[in-house]
Amino acid sequence: MATGRLGVGETLGALNTALGPGDPVWFKETRARHLRARDFLAPRPALQARFGDGQVPERVVRAVVGLQGPGVAPVLRCAPTPAGLALQLQRPAVFERVLGAVAAYVAPAAPAAPGPRVLLHCPALRSAPGALRLSQLRAVLVADHLARTLRAHGESVRLVPAVRDPHMPNFLQQLRVDWPAASERAATEALRNRALAELSPAQERGALPRGVLGTVCLKELVQERGRAAGYDPNLDKCLVTEDLLSVLAELQEAARCWPGDSPPSLAAVPDANADRCMVVHVVSCEEEFQQQKVDLLWRKLDHQAPLTQKHLVCGPVKVAGAPGTLTAPEYYELRHAQVCKASAVKHGRDLAQDPAWTEVFSVLSVATIKFEMLSTAPHGQLLLALADDSISTKGTKSGTFVMYNCARLATLFEGYRHSMEQGLYPTFPPVSSLDFSLLQDEGEWLLLFNGILPFPDLLSQTAALACTAPGLHMTARTETMCKFLVQLSMDFSSYYNRIHILGAPRPHLFGQMFARLQLLRAVREVLHTGLATLGLPPLDHI
């Protein structure tokens with residue numbers, strides 16, 4: 001049997017190469033009704049642009065059918081249809097390759113080259129939990145998810161600031177956000193001396209409040225970097241305070257003193273380390289203007305400041321029908337109360353004080369919040385609906401629904417284990433002995449082709465940072481994982497509601513049962529890996 005991980009990207013690349021020079025034309029099908037007949041399609045309009053009359057030469061079709069290579073899925077047939085050139089894979093062989101090496105599909109695809117070190121800076125974490133607005137909470141959750149996906153991809157990541165408010169660590173732990181606590185403050189003397197040299201003339205300063213050193217002009221630096229860089233044209237002067245110098249000192253130290261590096265030399269050449277890491281400032285839209293000042297002031301006062309500083313700006317968070325301002329802790333308490341209420345309705349009794357359910361309710365509350373905050377692209381406006389029905393397991397768009405299906409999978413495998421111990425089912429046979437040609441249901445192919453096979457590429461996409469793109473601002477696809485997990489849960493739920501996995505203990509049915517269980521093992525691993533990038537543990541009951 002052939003070995004090596006199959007890949008959607010590798011297969012698409014081989015298919016496009018087989019058609020000859022030109023733009024890519026093939027795409028992967030995802031809809032169930034299309035997957036009944038084909039797995040990939042080269043649309044007719046694209047073929048007409050490539051071949052004139054749209055007729056693909058027979059030699060090209062033969063080349064497509066005979067495709068082979070690292071990561072390329074085996075092809076069963078390729079034929080012209082009214083929609084274009086349709087291709088179907090050898091599905092039993094794909095099932096065998098994928099389900100025989102599940103661990104390979106819950107790890108990101110290897111990067112072509114190591115990326116830069118990433119310093120993630122989330123200024124919202126310098127406040128107390130009670131002062132944290134929902135837009136700032138969104139920035140915190142985006143930064144945490146981004147850090148987890150980057151680390152899962154093997155990237156080196158540092159997080160700034162180390163939180164100093166005494167109540168913030170407990171709140172972040174409650175939210176399952178992994179962020180460092182404060183250590184010693186970084187020294188600011190060198191930056192202060194540099195700032196004093198750059199301050200506006202004394203006559204322009206007048207009487208200054210305590211802790212304020214004066215103002216530094218940033219206009220020249222904005223003009224030097226050019227309008228295309230994306231800085232706000234209204235940036236002019238920056239008020240330099242002791243607190244601001246502490247912020248810069250912490251950033252400076254984090255960028256220069258990377259864990260595992262030797263201590264920086266006092267005689268280091270300016271700019272020698274300036275391109276060794278990329279700084280990503282993850283900010284709410286309300287903080288964007290101030291953060292641009294911090295960015296420019298750092299460049300002005302420190303000639304070894306990282307050359308690449310990007311700003312990931314999270315859009316506003318609006319709350320439908322809610323007067324006033326809802327703080328992050330109030331939002332968490334609201335969702336937690338709704339989770340407890342929904343559970344009481346479902347189970348017919350209040351379980352909020354039951355120690356066995358405390359962790360479950362906490363995870364469900366955080367899952368609800370994270371899927372709400374992260375399912376929309378970070379730069380877009382987010383509208384929250386705070387009604388109780390947004391945390392129901394019956395809704396198909398929520399984090400509660402994903403966790404519910406995670407628990408259903410746990411119940412399924414616990415049911416198999418219990419029945420096996422009773423002697424109803426045999427022990428699980430070696431995966432190499434399973435007959436995956438018994439997986440005939442369209443829902444089974446949907447789970448594998450849309451859920452398991454593309455997962456390594458999805459992990460890589462969520463960790464992709466546009467560090468080489470021009471301009472100040474950047475985007476990140478932090479919404480991708482939430483949308484993927486919701487769709488995978490929907491596909492699993494539909495399949496699980498139709499198919500009875502643990503059937504009657506009849507030996508002639510065991511082959512199909514074990515093939516299905518191995519498929520759902522892979523689904524479970526994908527779900528658990530995806531949830532881990534959100535800081536969410538799997539649940540075994542709800």
# chains A, B, ... in the order shown; residues from 1 in each chain; ligands from 1
call {"tool": "select_by_dssp", "arguments": {"residues": "segment 281-429 of chain A", "states": "strand (DSSP E)", "output": "PDB file with all heavy atoms, in the first residue's frame"}}
result
ATOM      1  N   HIS A 281       0.758  43.745  16.666  1.00  0.00           N
ATOM      2  CA  HIS A 281      -0.043  44.433  17.677  1.00  0.00           C
ATOM      3  C   HIS A 281      -1.508  44.072  17.436  1.00  0.00           C
ATOM      4  O   HIS A 281      -2.088  44.453  16.409  1.00  0.00           O
ATOM      5  CB  HIS A 281       0.134  45.952  17.569  1.00  0.00           C
ATOM      6  CG  HIS A 281       1.562  46.415  17.675  1.00  0.00           C
ATOM      7  ND1 HIS A 281       2.250  46.447  18.861  1.00  0.00           N
ATOM      8  CD2 HIS A 281       2.438  46.854  16.714  1.00  0.00           C
ATOM      9  CE1 HIS A 281       3.486  46.906  18.652  1.00  0.00           C
ATOM     10  NE2 HIS A 281       3.624  47.162  17.357  1.00  0.00           N
ATOM     11  N   VAL A 282      -2.111  43.328  18.356  1.00  0.00           N
ATOM     12  CA  VAL A 282      -3.520  42.927  18.230  1.00  0.00           C
ATOM     13  C   VAL A 282      -4.330  43.883  19.087  1.00  0.00           C
ATOM     14  O   VAL A 282      -4.275  43.848  20.324  1.00  0.00           O
ATOM     15  CB  VAL A 282      -3.731  41.473  18.680  1.00  0.00           C
ATOM     16  CG1 VAL A 282      -5.168  41.038  18.409  1.00  0.00           C
ATOM     17  CG2 VAL A 282      -2.758  40.539  17.970  1.00  0.00           C
ATOM     18  N   VAL A 283      -5.089  44.756  18.436  1.00  0.00           N
ATOM     19  CA  VAL A 283      -5.758  45.842  19.157  1.00  0.00           C
ATOM     20  C   VAL A 283      -7.217  45.950  18.750  1.00  0.00           C
ATOM     21  O   VAL A 283      -7.619  45.533  17.655  1.00  0.00           O
ATOM     22  CB  VAL A 283      -5.058  47.192  18.889  1.00  0.00           C
ATOM     23  CG1 VAL A 283      -3.628  47.170  19.389  1.00  0.00           C
ATOM     24  CG2 VAL A 283      -5.081  47.545  17.406  1.00  0.00           C
ATOM     25  N   SER A 284      -8.006  46.519  19.634  1.00  0.00           N
ATOM     26  CA  SER A 284      -9.381  46.871  19.275  1.00  0.00           C
ATOM     27  C   SER A 284      -9.352  48.136  18.437  1.00  0.00           C
ATOM     28  O   SER A 284      -8.355  48.880  18.439  1.00  0.00           O
ATOM     29  CB  SER A 284     -10.217  47.093  20.547  1.00  0.00           C
ATOM     30  OG  SER A 284      -9.735  48.235  21.244  1.00  0.00           O
ATOM     31  N   THR A 308       9.669  44.928  11.046  1.00  0.00           N
ATOM     32  CA  THR A 308       8.300  44.559  10.676  1.00  0.00           C
ATOM     33  C   THR A 308       7.399  44.643  11.893  1.00  0.00           C
ATOM     34  O   THR A 308       7.518  43.851  12.829  1.00  0.00           O
ATOM     35  CB  THR A 308       8.248  43.125  10.098  1.00  0.00           C
ATOM     36  OG1 THR A 308       9.143  43.034   8.993  1.00  0.00           O
ATOM     37  CG2 THR A 308       6.842  42.786   9.645  1.00  0.00           C
ATOM     38  N   GLN A 309       6.532  45.636  11.891  1.00  0.00           N
ATOM     39  CA  GLN A 309       5.487  45.754  12.898  1.00  0.00           C
ATOM     40  C   GLN A 309       4.156  45.823  12.162  1.00  0.00           C
ATOM     41  O   GLN A 309       3.948  46.688  11.316  1.00  0.00           O
ATOM     42  CB  GLN A 309       5.673  46.993  13.767  1.00  0.00           C
ATOM     43  CG  GLN A 309       6.904  46.961  14.654  1.00  0.00           C
ATOM     44  CD  GLN A 309       6.905  48.115  15.655  1.00  0.00           C
ATOM     45  OE1 GLN A 309       5.917  48.357  16.339  1.00  0.00           O
ATOM     46  NE2 GLN A 309       8.024  48.833  15.734  1.00  0.00           N
ATOM     47  N   LYS A 310       3.282  44.897  12.471  1.00  0.00           N
ATOM     48  CA  LYS A 310       1.965  44.836  11.838  1.00  0.00           C
ATOM     49  C   LYS A 310       0.884  45.075  12.885  1.00  0.00           C
ATOM     50  O   LYS A 310       1.042  44.706  14.049  1.00  0.00           O
ATOM     51  CB  LYS A 310       1.751  43.478  11.174  1.00  0.00           C
ATOM     52  CG  LYS A 310       2.690  43.193  10.010  1.00  0.00           C
ATOM     53  CD  LYS A 310       2.356  44.049   8.802  1.00  0.00           C
ATOM     54  CE  LYS A 310       3.196  43.664   7.586  1.00  0.00           C
ATOM     55  NZ  LYS A 310       2.862  44.471   6.401  1.00  0.00           N
ATOM     56  N   HIS A 311      -0.218  45.646  12.437  1.00  0.00           N
ATOM     57  CA  HIS A 311      -1.347  45.929  13.325  1.00  0.00           C
ATOM     58  C   HIS A 311      -2.549  45.104  12.878  1.00  0.00           C
ATOM     59  O   HIS A 311      -3.042  45.265  11.750  1.00  0.00           O
ATOM     60  CB  HIS A 311      -1.687  47.416  13.301  1.00  0.00           C
ATOM     61  CG  HIS A 311      -0.610  48.288  13.888  1.00  0.00           C
ATOM     62  ND1 HIS A 311      -0.834  49.164  14.923  1.00  0.00           N
ATOM     63  CD2 HIS A 311       0.717  48.388  13.589  1.00  0.00           C
ATOM     64  CE1 HIS A 311       0.298  49.785  15.226  1.00  0.00           C
ATOM     65  NE2 HIS A 311       1.248  49.342  14.419  1.00  0.00           N
ATOM     66  N   LEU A 312      -2.999  44.219  13.759  1.00  0.00           N
ATOM     67  CA  LEU A 312      -4.207  43.438  13.518  1.00  0.00           C
ATOM     68  C   LEU A 312      -5.317  44.102  14.323  1.00  0.00           C
ATOM     69  O   LEU A 312      -5.382  43.985  15.543  1.00  0.00           O
ATOM     70  CB  LEU A 312      -4.000  41.985  13.955  1.00  0.00           C
ATOM     71  CG  LEU A 312      -5.180  41.028  13.840  1.00  0.00           C
ATOM     72  CD1 LEU A 312      -5.732  41.007  12.419  1.00  0.00           C
ATOM     73  CD2 LEU A 312      -4.787  39.622  14.265  1.00  0.00           C
ATOM     74  N   VAL A 313      -6.158  44.838  13.622  1.00  0.00           N
ATOM     75  CA  VAL A 313      -7.177  45.658  14.275  1.00  0.00           C
ATOM     76  C   VAL A 313      -8.508  44.906  14.273  1.00  0.00           C
ATOM     77  O   VAL A 313      -9.017  44.533  13.219  1.00  0.00           O
ATOM     78  CB  VAL A 313      -7.333  47.016  13.573  1.00  0.00           C
ATOM     79  CG1 VAL A 313      -8.379  47.864  14.282  1.00  0.00           C
ATOM     80  CG2 VAL A 313      -5.984  47.741  13.534  1.00  0.00           C
ATOM     81  N   CYS A 314      -9.046  44.702  15.463  1.00  0.00           N
ATOM     82  CA  CYS A 314     -10.328  44.001  15.597  1.00  0.00           C
ATOM     83  C   CYS A 314     -11.465  45.018  15.561  1.00  0.00           C
ATOM     84  O   CYS A 314     -11.412  46.057  16.227  1.00  0.00           O
ATOM     85  CB  CYS A 314     -10.369  43.218  16.905  1.00  0.00           C
ATOM     86  SG  CYS A 314      -9.112  41.917  16.996  1.00  0.00           S
ATOM     87  N   VAL A 317     -17.552  45.668  18.628  1.00  0.00           N
ATOM     88  CA  VAL A 317     -18.516  44.663  19.080  1.00  0.00           C
ATOM     89  C   VAL A 317     -19.762  45.400  19.548  1.00  0.00           C
ATOM     90  O   VAL A 317     -19.698  46.218  20.474  1.00  0.00           O
ATOM     91  CB  VAL A 317     -17.943  43.801  20.220  1.00  0.00           C
ATOM     92  CG1 VAL A 317     -18.984  42.800  20.704  1.00  0.00           C
ATOM     93  CG2 VAL A 317     -16.677  43.087  19.762  1.00  0.00           C
ATOM     94  N   LYS A 318     -20.869  45.126  18.902  1.00  0.00           N
ATOM     95  CA  LYS A 318     -22.146  45.730  19.265  1.00  0.00           C
ATOM     96  C   LYS A 318     -23.029  44.670  19.914  1.00  0.00           C
ATOM     97  O   LYS A 318     -23.004  43.504  19.523  1.00  0.00           O
ATOM     98  CB  LYS A 318     -22.850  46.299  18.026  1.00  0.00           C
ATOM     99  CG  LYS A 318     -22.005  47.274  17.203  1.00  0.00           C
ATOM    100  CD  LYS A 318     -21.716  48.557  17.963  1.00  0.00           C
ATOM    101  CE  LYS A 318     -20.944  49.552  17.094  1.00  0.00           C
ATOM    102  NZ  LYS A 318     -20.636  50.798  17.829  1.00  0.00           N
ATOM    103  N   VAL A 319     -23.817  45.084  20.887  1.00  0.00           N
ATOM    104  CA  VAL A 319     -24.712  44.169  21.590  1.00  0.00           C
ATOM    105  C   VAL A 319     -26.145  44.548  21.240  1.00  0.00           C
ATOM    106  O   VAL A 319     -26.576  45.666  21.520  1.00  0.00           O
ATOM    107  CB  VAL A 319     -24.495  44.211  23.115  1.00  0.00           C
ATOM    108  CG1 VAL A 319     -25.448  43.250  23.817  1.00  0.00           C
ATOM    109  CG2 VAL A 319     -23.052  43.869  23.451  1.00  0.00           C
ATOM    110  N   LEU A 382     -18.840  42.994  14.856  1.00  0.00           N
ATOM    111  CA  LEU A 382     -19.469  41.816  15.450  1.00  0.00           C
ATOM    112  C   LEU A 382     -20.710  42.262  16.206  1.00  0.00           C
ATOM    113  O   LEU A 382     -20.661  43.175  17.031  1.00  0.00           O
ATOM    114  CB  LEU A 382     -18.486  41.136  16.408  1.00  0.00           C
ATOM    115  CG  LEU A 382     -18.961  39.882  17.133  1.00  0.00           C
ATOM    116  CD1 LEU A 382     -19.320  38.780  16.150  1.00  0.00           C
ATOM    117  CD2 LEU A 382     -17.896  39.389  18.102  1.00  0.00           C
ATOM    118  N   LEU A 383     -21.834  41.619  15.912  1.00  0.00           N
ATOM    119  CA  LEU A 383     -23.095  41.914  16.589  1.00  0.00           C
ATOM    120  C   LEU A 383     -23.466  40.722  17.451  1.00  0.00           C
ATOM    121  O   LEU A 383     -23.686  39.616  16.949  1.00  0.00           O
ATOM    122  CB  LEU A 383     -24.201  42.201  15.568  1.00  0.00           C
ATOM    123  CG  LEU A 383     -25.579  42.540  16.160  1.00  0.00           C
ATOM    124  CD1 LEU A 383     -25.502  43.849  16.967  1.00  0.00           C
ATOM    125  CD2 LEU A 383     -26.636  42.657  15.053  1.00  0.00           C
ATOM    126  N   LEU A 384     -23.523  40.943  18.756  1.00  0.00           N
ATOM    127  CA  LEU A 384     -23.860  39.880  19.700  1.00  0.00           C
ATOM    128  C   LEU A 384     -25.346  39.899  20.010  1.00  0.00           C
ATOM    129  O   LEU A 384     -25.921  40.959  20.285  1.00  0.00           O
ATOM    130  CB  LEU A 384     -23.079  40.052  21.002  1.00  0.00           C
ATOM    131  CG  LEU A 384     -21.566  39.859  20.974  1.00  0.00           C
ATOM    132  CD1 LEU A 384     -21.003  40.042  22.373  1.00  0.00           C
ATOM    133  CD2 LEU A 384     -21.212  38.481  20.446  1.00  0.00           C
TER     134      LEU A 384
END
call {"tool": "select_by_dssp", "arguments": {"residues": "segment 23-203 of chain A", "states": "alpha helix (DSSP H)", "output": "short mmCIF file (atom, residue, chain, number, x, y, z; two decimals) with N, CA, C and O atoms, in the first residue's frame"}}
result
data_model
loop_
_atom_site.label_atom_id
_atom_site.label_comp_id
_atom_site.auth_asym_id
_atom_site.auth_seq_id
_atom_site.Cartn_x
_atom_site.Cartn_y
_atom_site.Cartn_z
N ALA A 32 -22.66 18.34 -0.48
CA ALA A 32 -23.02 16.92 -0.51
C ALA A 32 -23.64 16.52 -1.84
O ALA A 32 -23.33 15.44 -2.37
N ARG A 33 -24.47 17.36 -2.42
CA ARG A 33 -25.16 16.97 -3.67
C ARG A 33 -24.17 16.85 -4.83
O ARG A 33 -24.38 16.05 -5.74
N HIS A 34 -23.10 17.62 -4.81
CA HIS A 34 -22.09 17.51 -5.86
C HIS A 34 -21.16 16.32 -5.62
O HIS A 34 -20.72 15.66 -6.57
N LEU A 35 -20.90 16.04 -4.35
CA LEU A 35 -20.00 14.94 -4.03
C LEU A 35 -20.61 13.57 -4.33
O LEU A 35 -19.90 12.56 -4.30
N ARG A 44 -16.48 24.38 -17.00
CA ARG A 44 -16.50 24.50 -18.46
C ARG A 44 -15.98 25.87 -18.94
O ARG A 44 -15.20 25.94 -19.89
N PRO A 45 -16.43 27.00 -18.34
CA PRO A 45 -15.91 28.30 -18.83
C PRO A 45 -14.38 28.39 -18.75
O PRO A 45 -13.74 28.93 -19.66
N ALA A 46 -13.80 27.84 -17.69
CA ALA A 46 -12.34 27.88 -17.55
C ALA A 46 -11.68 26.99 -18.61
O ALA A 46 -10.62 27.34 -19.15
N LEU A 47 -12.30 25.86 -18.92
CA LEU A 47 -11.75 24.97 -19.95
C LEU A 47 -11.84 25.61 -21.33
O LEU A 47 -10.95 25.45 -22.17
N GLN A 48 -12.92 26.34 -21.57
CA GLN A 48 -13.07 27.03 -22.86
C GLN A 48 -12.00 28.10 -23.02
O GLN A 48 -11.46 28.30 -24.12
N ALA A 49 -11.67 28.78 -21.92
CA ALA A 49 -10.61 29.79 -21.98
C ALA A 49 -9.26 29.14 -22.23
O ALA A 49 -8.39 29.72 -22.88
N ARG A 50 -9.09 27.92 -21.71
CA ARG A 50 -7.81 27.23 -21.85
C ARG A 50 -7.67 26.54 -23.19
O ARG A 50 -6.60 26.58 -23.83
N PHE A 51 -8.74 25.86 -23.66
CA PHE A 51 -8.64 25.01 -24.85
C PHE A 51 -9.45 25.52 -26.05
O PHE A 51 -9.62 24.81 -27.02
N GLU A 58 -7.78 14.17 -25.35
CA GLU A 58 -7.83 12.86 -24.70
C GLU A 58 -6.54 12.56 -23.93
O GLU A 58 -6.57 11.95 -22.86
N ARG A 59 -5.43 13.00 -24.48
CA ARG A 59 -4.15 12.74 -23.80
C ARG A 59 -4.10 13.43 -22.44
O ARG A 59 -3.49 12.92 -21.49
N VAL A 60 -4.74 14.59 -22.34
CA VAL A 60 -4.77 15.31 -21.06
C VAL A 60 -5.65 14.57 -20.07
O VAL A 60 -5.29 14.42 -18.89
N VAL A 61 -6.78 14.07 -20.53
CA VAL A 61 -7.68 13.30 -19.66
C VAL A 61 -6.96 12.06 -19.14
O VAL A 61 -7.05 11.71 -17.96
N ARG A 62 -6.22 11.38 -20.04
CA ARG A 62 -5.48 10.18 -19.61
C ARG A 62 -4.41 10.54 -18.58
O ARG A 62 -4.17 9.80 -17.63
N ALA A 63 -3.79 11.71 -18.78
CA ALA A 63 -2.76 12.14 -17.83
C ALA A 63 -3.38 12.41 -16.45
O ALA A 63 -2.78 12.10 -15.41
N VAL A 64 -4.58 12.98 -16.45
CA VAL A 64 -5.27 13.26 -15.19
C VAL A 64 -5.62 11.96 -14.47
O VAL A 64 -5.39 11.80 -13.27
N VAL A 65 -6.15 11.00 -15.21
CA VAL A 65 -6.55 9.72 -14.61
C VAL A 65 -5.34 8.98 -14.04
O VAL A 65 -5.42 8.31 -13.01
N ARG A 91 -12.28 6.13 -3.82
CA ARG A 91 -12.67 6.43 -2.44
C ARG A 91 -12.22 5.36 -1.44
O ARG A 91 -11.71 5.71 -0.36
N PRO A 92 -12.41 4.06 -1.71
CA PRO A 92 -11.92 3.08 -0.72
C PRO A 92 -10.42 3.23 -0.46
O PRO A 92 -9.97 3.10 0.69
N ALA A 93 -9.65 3.52 -1.51
CA ALA A 93 -8.20 3.68 -1.33
C ALA A 93 -7.90 4.93 -0.51
O ALA A 93 -6.98 4.94 0.32
N VAL A 94 -8.66 6.00 -0.71
CA VAL A 94 -8.46 7.23 0.06
C VAL A 94 -8.82 6.99 1.52
O VAL A 94 -8.10 7.41 2.44
N PHE A 95 -9.97 6.31 1.76
CA PHE A 95 -10.34 5.95 3.12
C PHE A 95 -9.20 5.19 3.80
O PHE A 95 -8.82 5.47 4.94
N GLU A 96 -8.65 4.22 3.10
CA GLU A 96 -7.60 3.38 3.67
C GLU A 96 -6.35 4.19 3.99
O GLU A 96 -5.75 4.04 5.07
N ARG A 97 -5.94 5.05 3.06
CA ARG A 97 -4.73 5.85 3.28
C ARG A 97 -4.91 6.81 4.46
O ARG A 97 -4.00 6.96 5.29
N VAL A 98 -6.06 7.45 4.53
CA VAL A 98 -6.27 8.47 5.56
C VAL A 98 -6.53 7.82 6.92
O VAL A 98 -5.89 8.18 7.93
N LEU A 99 -7.45 6.87 6.97
CA LEU A 99 -7.83 6.28 8.26
C LEU A 99 -6.78 5.32 8.79
O LEU A 99 -6.81 4.94 9.96
N LEU A 134 -15.88 44.80 25.47
CA LEU A 134 -16.06 43.60 24.65
C LEU A 134 -15.16 43.62 23.42
O LEU A 134 -14.68 42.57 22.98
N SER A 135 -14.91 44.80 22.87
CA SER A 135 -14.01 44.87 21.72
C SER A 135 -12.59 44.51 22.13
O SER A 135 -11.84 43.89 21.36
N GLN A 136 -12.20 44.86 23.36
CA GLN A 136 -10.89 44.48 23.86
C GLN A 136 -10.84 42.98 24.16
O GLN A 136 -9.82 42.33 23.90
N LEU A 137 -11.92 42.43 24.70
CA LEU A 137 -11.98 40.98 24.93
C LEU A 137 -11.82 40.24 23.61
O LEU A 137 -11.13 39.21 23.54
N ARG A 138 -12.42 40.76 22.58
CA ARG A 138 -12.28 40.15 21.25
C ARG A 138 -10.81 40.12 20.83
O ARG A 138 -10.31 39.12 20.32
N ALA A 139 -10.11 41.23 21.04
CA ALA A 139 -8.68 41.28 20.69
C ALA A 139 -7.88 40.26 21.50
O ALA A 139 -6.97 39.60 20.97
N VAL A 140 -8.20 40.11 22.78
CA VAL A 140 -7.50 39.14 23.64
C VAL A 140 -7.71 37.73 23.11
O VAL A 140 -6.76 36.93 23.01
N LEU A 141 -8.95 37.38 22.76
CA LEU A 141 -9.25 36.03 22.29
C LEU A 141 -8.62 35.76 20.92
O LEU A 141 -8.16 34.65 20.65
N VAL A 142 -8.58 36.77 20.07
CA VAL A 142 -7.91 36.63 18.77
C VAL A 142 -6.42 36.37 18.97
O VAL A 142 -5.82 35.49 18.34
N ALA A 143 -5.80 37.14 19.88
CA ALA A 143 -4.36 36.98 20.13
C ALA A 143 -4.06 35.60 20.70
O ALA A 143 -3.08 34.95 20.31
N ASP A 144 -4.88 35.13 21.62
CA ASP A 144 -4.66 33.81 22.23
C ASP A 144 -4.80 32.70 21.19
O ASP A 144 -3.97 31.78 21.13
N HIS A 145 -5.83 32.78 20.37
CA HIS A 145 -6.03 31.77 19.32
C HIS A 145 -4.88 31.79 18.32
O HIS A 145 -4.38 30.74 17.89
N LEU A 146 -4.45 32.99 17.96
CA LEU A 146 -3.35 33.12 17.01
C LEU A 146 -2.07 32.52 17.59
O LEU A 146 -1.32 31.82 16.89
N ALA A 147 -1.82 32.77 18.86
CA ALA A 147 -0.62 32.21 19.51
C ALA A 147 -0.66 30.70 19.51
O ALA A 147 0.35 30.03 19.23
N ARG A 148 -1.81 30.12 19.78
CA ARG A 148 -1.94 28.66 19.83
C ARG A 148 -1.74 28.04 18.44
O ARG A 148 -1.07 27.01 18.30
N THR A 149 -2.32 28.65 17.42
CA THR A 149 -2.17 28.09 16.07
C THR A 149 -0.74 28.23 15.57
O THR A 149 -0.21 27.33 14.91
N LEU A 150 -0.10 29.35 15.88
CA LEU A 150 1.29 29.53 15.47
C LEU A 150 2.20 28.50 16.15
O LEU A 150 3.07 27.90 15.51
N ARG A 151 1.99 28.29 17.43
CA ARG A 151 2.81 27.31 18.15
C ARG A 151 2.54 25.89 17.66
O ARG A 151 3.46 25.08 17.57
N ALA A 152 1.28 25.59 17.35
CA ALA A 152 0.96 24.27 16.81
C ALA A 152 1.66 24.05 15.47
O ALA A 152 1.95 22.91 15.09
N MET A 168 -6.42 39.91 36.88
CA MET A 168 -6.46 39.49 35.48
C MET A 168 -6.07 38.02 35.28
O MET A 168 -6.71 37.32 34.48
N PRO A 169 -5.04 37.47 35.98
CA PRO A 169 -4.71 36.06 35.75
C PRO A 169 -5.88 35.11 35.99
O PRO A 169 -6.10 34.16 35.22
N ASN A 170 -6.65 35.35 37.05
CA ASN A 170 -7.79 34.48 37.34
C ASN A 170 -8.86 34.60 36.26
O ASN A 170 -9.48 33.61 35.87
N PHE A 171 -9.08 35.82 35.77
CA PHE A 171 -10.09 36.00 34.72
C PHE A 171 -9.65 35.32 33.43
O PHE A 171 -10.46 34.67 32.76
N LEU A 172 -8.36 35.45 33.09
CA LEU A 172 -7.87 34.78 31.88
C LEU A 172 -7.93 33.26 32.03
O LEU A 172 -8.24 32.55 31.06
N GLN A 173 -7.64 32.78 33.22
CA GLN A 173 -7.75 31.33 33.45
C GLN A 173 -9.20 30.88 33.29
O GLN A 173 -9.47 29.81 32.75
N GLN A 174 -10.13 31.70 33.76
CA GLN A 174 -11.54 31.41 33.60
C GLN A 174 -11.92 31.32 32.12
O GLN A 174 -12.71 30.45 31.71
N GLU A 189 15.71 53.32 31.50
CA GLU A 189 16.66 54.45 31.53
C GLU A 189 17.15 54.84 30.14
O GLU A 189 17.15 56.03 29.78
N ALA A 190 17.55 53.85 29.31
CA ALA A 190 18.06 54.17 27.98
C ALA A 190 17.00 54.83 27.13
O ALA A 190 17.27 55.82 26.41
N LEU A 191 15.78 54.32 27.20
CA LEU A 191 14.69 54.91 26.42
C LEU A 191 14.37 56.32 26.93
O LEU A 191 14.07 57.23 26.14
N ARG A 192 14.43 56.51 28.25
CA ARG A 192 14.14 57.84 28.80
C ARG A 192 15.17 58.86 28.31
O ARG A 192 14.81 59.98 27.90
N ASN A 193 16.43 58.47 28.31
CA ASN A 193 17.47 59.39 27.84
C ASN A 193 17.27 59.75 26.38
O ASN A 193 17.45 60.91 25.97
N ARG A 194 16.92 58.74 25.59
CA ARG A 194 16.68 58.98 24.17
C ARG A 194 15.45 59.88 23.98
O ARG A 194 15.46 60.79 23.13
N ALA A 195 14.40 59.63 24.78
CA ALA A 195 13.19 60.44 24.67
C ALA A 195 13.46 61.89 25.05
O ALA A 195 12.98 62.83 24.41
N LEU A 196 14.25 62.08 26.13
CA LEU A 196 14.56 63.45 26.55
C LEU A 196 15.29 64.23 25.46
O LEU A 196 15.10 65.44 25.29
N ALA A 197 16.11 63.51 24.69
CA ALA A 197 16.83 64.17 23.59
C ALA A 197 15.90 64.54 22.44
O ALA A 197 16.23 65.42 21.64
N GLU A 198 14.75 63.85 22.36
CA GLU A 198 13.84 64.09 21.24
C GLU A 198 12.68 65.00 21.61
O GLU A 198 11.86 65.32 20.74
N ALA A 202 11.69 73.30 25.42
CA ALA A 202 11.12 73.51 26.75
C ALA A 202 9.99 74.53 26.74
O ALA A 202 9.00 74.39 27.45
N GLN A 203 10.14 75.60 25.91
CA GLN A 203 9.11 76.63 25.91
C GLN A 203 7.77 76.11 25.40
O GLN A 203 6.71 76.69 25.68
#
call {"tool": "closest_residue", "arguments": {"among": "A:Leu87, A:Ala229, A:Ala410, A:Val339", "to": "Leu520 of chain A", "atoms": "only C-alpha atoms"}}
result
A:Ala410
call {"tool": "closest_residue", "arguments": {"among": "A:Cys285, A:Leu351, A:Cys482, A:Val523", "to": "Ala124 of chain A", "atoms": "only C-alpha atoms"}}
result
A:Cys285
call {"tool": "residues_around", "arguments": {"residues": "Pro74 of chain A", "least_positions_apart": "6", "cutoff": "7 Å", "atoms": "only C-alpha atoms", "output": "ChimeraX atom specification"}}
result
/A:68,89-90
call {"tool": "closest_residue", "arguments": {"among": "A:Cys340, A:Val486, A:Gln381, A:Glu421", "to": "Phe401 of chain A", "atoms": "only C-alpha atoms"}}
result
A:Val486
call {"tool": "atom_distance", "arguments": {"atom1": "atom CA of Gly154 of chain A", "atom2": "atom CA of Leu119 of chain A"}}
result
14.3 Å
call {"tool": "closest_residue", "arguments": {"among": "A:Lys293, A:Arg176, A:Arg5, A:His336", "to": "Ala532 of chain A", "atoms": "only C-alpha atoms"}}
result
A:Arg176
call {"tool": "atom_distance", "arguments": {"atom1": "atom CA of Asn405 of chain A", "atom2": "atom CA of Phe449 of chain A"}}
result
19.0 Å
call {"tool": "residues_around", "arguments": {"residues": "Glu359 of chain A", "least_positions_apart": "3", "cutoff": "12 Å", "atoms": "only C-alpha atoms", "output": "PyMOL selection string"}}
result
chain A and resi 174+176+336+339-340+351-356+362-366+536-542
